[in-house]
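To start, the structure itself, in structure tokens.
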Amino acid sequence: MRQFDKTHETNAKTELANMIIMHEYPLSMVEHLGFKRYSKALQPSFKVPCRNTIKKEIMKIFEFEKEKTMKLIQMNASRIAITTDMWTANGLDVVRESIETIRSSVAYWTGGPKREEMFVRMARQMEVGCSRKLILDCRTRWNSTYLMLQTTVEYRTVFPALKTRGYKDVPSEQDCNLVVEIAEKLQLFFKATELLSGTKYPTANLLFPKICQIKLAISKWLQSDISEVVEMAKKMEEKFEKYWGVIETVAIATILDPRYKVKLIEFYFKQVYPRRVALEVERVKKPSDNDLGDDDMDAYDAFVSSSSKDTDKSDLERYLDEIVLPRVNDKEFDVLYWWKTSGMKYPTLYKVARDILAILVSTVASESAFSTGGRIVSPHRNRLHSNTLEALMCGRDWLWSELRDAPSTLEDDIDVDEESCHDSDIEFTTHQTDDTNTRRERAARTRSSPLF
């Protein structure tokens, strides 16, 4: 048996601190009798550190990881995008009563094992072909409301058959019909959210078509025969128009996708602006200074200026002259890899792509910071200093990111544990010119492999 020397003891303390950070264990576990006995059984020579010692070890890990992240940022030659979300309102207020009735029914029939069993038994008797369970939503999360409504639609005939003394608030036929309409409308938003919330690929180039689909859908809903749908569409349109005002900037990322370029913009603008397509497309190709901001798009200004030279075509002109790539294996296409391997022939446009494609279009709701805080500040941790909490939260994110990127013989274990590894509350994206920075870059919450 190998001798347990000072080096082994130091490594053991570090791994113990890593374990506490990664799995959100209480710091006081090092003082638990059961843990001390377990440690002694593994290695009698190992002296379990006290709570203060393990806290110092956690802070050392945090400072070490933080320094590596700061060095990555300092080395970064491109821009960084940080996003958070303050938007919680939507157009569902106009159908609040119907949704409340549905919510009340779902809450009743998911209120215990016996009720759930009774509901399932009735659904089988009525030969309702749906294998999904009822889902109770979170009131502040519209996507969870959509999932609740979607499932409820499948069981719309079951609720009336279960009317009892205890269960009286049965959804009416009008409520169910309205739910069917609303669930169908929300599906568009739900699918867009799923696509744009991806973490393994850039999303800026995917936003424009989804925005256009939503705009066209809202215009169609405004012509509905159902008054509630029209009212909902009006509220959505009022809020949506604020974002549509910057569609030119959003479309730039689409132009930088060789599968789309200006063709996709023309396709949608013919539907959105049937009488002034050419004018709107030209606005996208040459945005005004107000659209781009004062200094956010210096590289873009440079290559637009170069297009006025008669002696040679600009990067943009040469890029747009080439035919669009076929959308054969759309899910496997990596736009960043294309720019790394094929985009070097457009040096100025290459720099623009590096900055634009780093922008996140998905966001993390601000309230998720509070839900994460509630998980971190558990009853076992409610007296921790804010600096310690910061170290635990950031350290957890960094350590898990490094494990995901490092070759490991424990891949299955990592996959299982990762299911409980929640994303950090601020999404952070950066692209590096040096591929050797991959691990630290992903640890800094990158959305895709570093290709610039």
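Chain labels run A, B, ... following the order of the structure tokens; each chain numbers its residues from 1, and ligands are numbered from 1 in the order shown.
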DSSP alpha helix (DSSP H) residues within region 45-278 of chain A, as a PyMOL selection string: chain A and resi 51-75+96-109+113-125+142-154+158-161+173-196+204-221+227-244+247-255+261-272+277-278
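The space separating CA of Ser144 (chain A) from CA of Ala183 (chain A) comes to 11.3 Å.
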message: List as a VMD selection string the protein and nucleic acid residues near region 213-221 of chain A, meaning an atom at most 10 Å away when only C-alpha atoms are counted, but skip any in the same chain fewer than 6 places from it.
response: chain A and resid 185 188 to 189 192 229 to 237 240 to 241 244 268 271 to 272
Close residues, region 174-176 of chain A itself excluded, 10 Å, only C-alpha atoms, min 2 positions apart in chain, as a list of chain:residue names: A:Val95, A:Glu97, A:Ser98, A:Ile99, A:Glu100, A:Thr101, A:Ile102, A:Leu149, A:Thr152, A:Val153, A:Tyr155, A:Arg156, A:Thr157, A:Val170, A:Pro171, A:Ser172, A:Leu178, A:Val179, A:Val180, A:Glu181, A:Ile182
field: Exercise: region 120-130 of chain A partners within 9 Å, only C-alpha atoms, chain neighbours under 6 positions left out, as a list in words
entry: Thr151, Glu154, Tyr155, Thr157, Val158, Ala161 and Leu162 of chain A
- prompt: If we count only C-alpha atoms, what is near Phe190 (chain A) at a cut-off of 12 Å, once residues fewer than 6 positions away on the same chain are taken out, given as a PyMOL selection string?
  reply: chain A and resi 141-147+150+183-184+196-197+210+214
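A straight line drawn from CA of Ile226 (chain A) to CA of Gln187 (chain A) is 17.9 Å long.
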query: So how many Å separate CA of Gln43 (chain A) and CA of Leu403 (chain A), to one decimal?
result: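 Atom-to-atom, CA of Gln43 (chain A) and CA of Leu403 (chain A) are spaced 25.5 Å apart.
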- request: Skip Ile265 (chain A) itself and residues of its chain fewer than 6 positions away, then list as a PyMOL selection string all residues within 12 Å of it, counting only C-alpha atoms.
  value: chain A and resi 205-213+247-248+250-257+259+271-273+277-285
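With only C-alpha atoms as the atoms that count, the residue of A:Ala204, A:Ile73, A:Ile54, A:Leu320 with the shortest distance to Leu360 (chain A) is A:Ala204.
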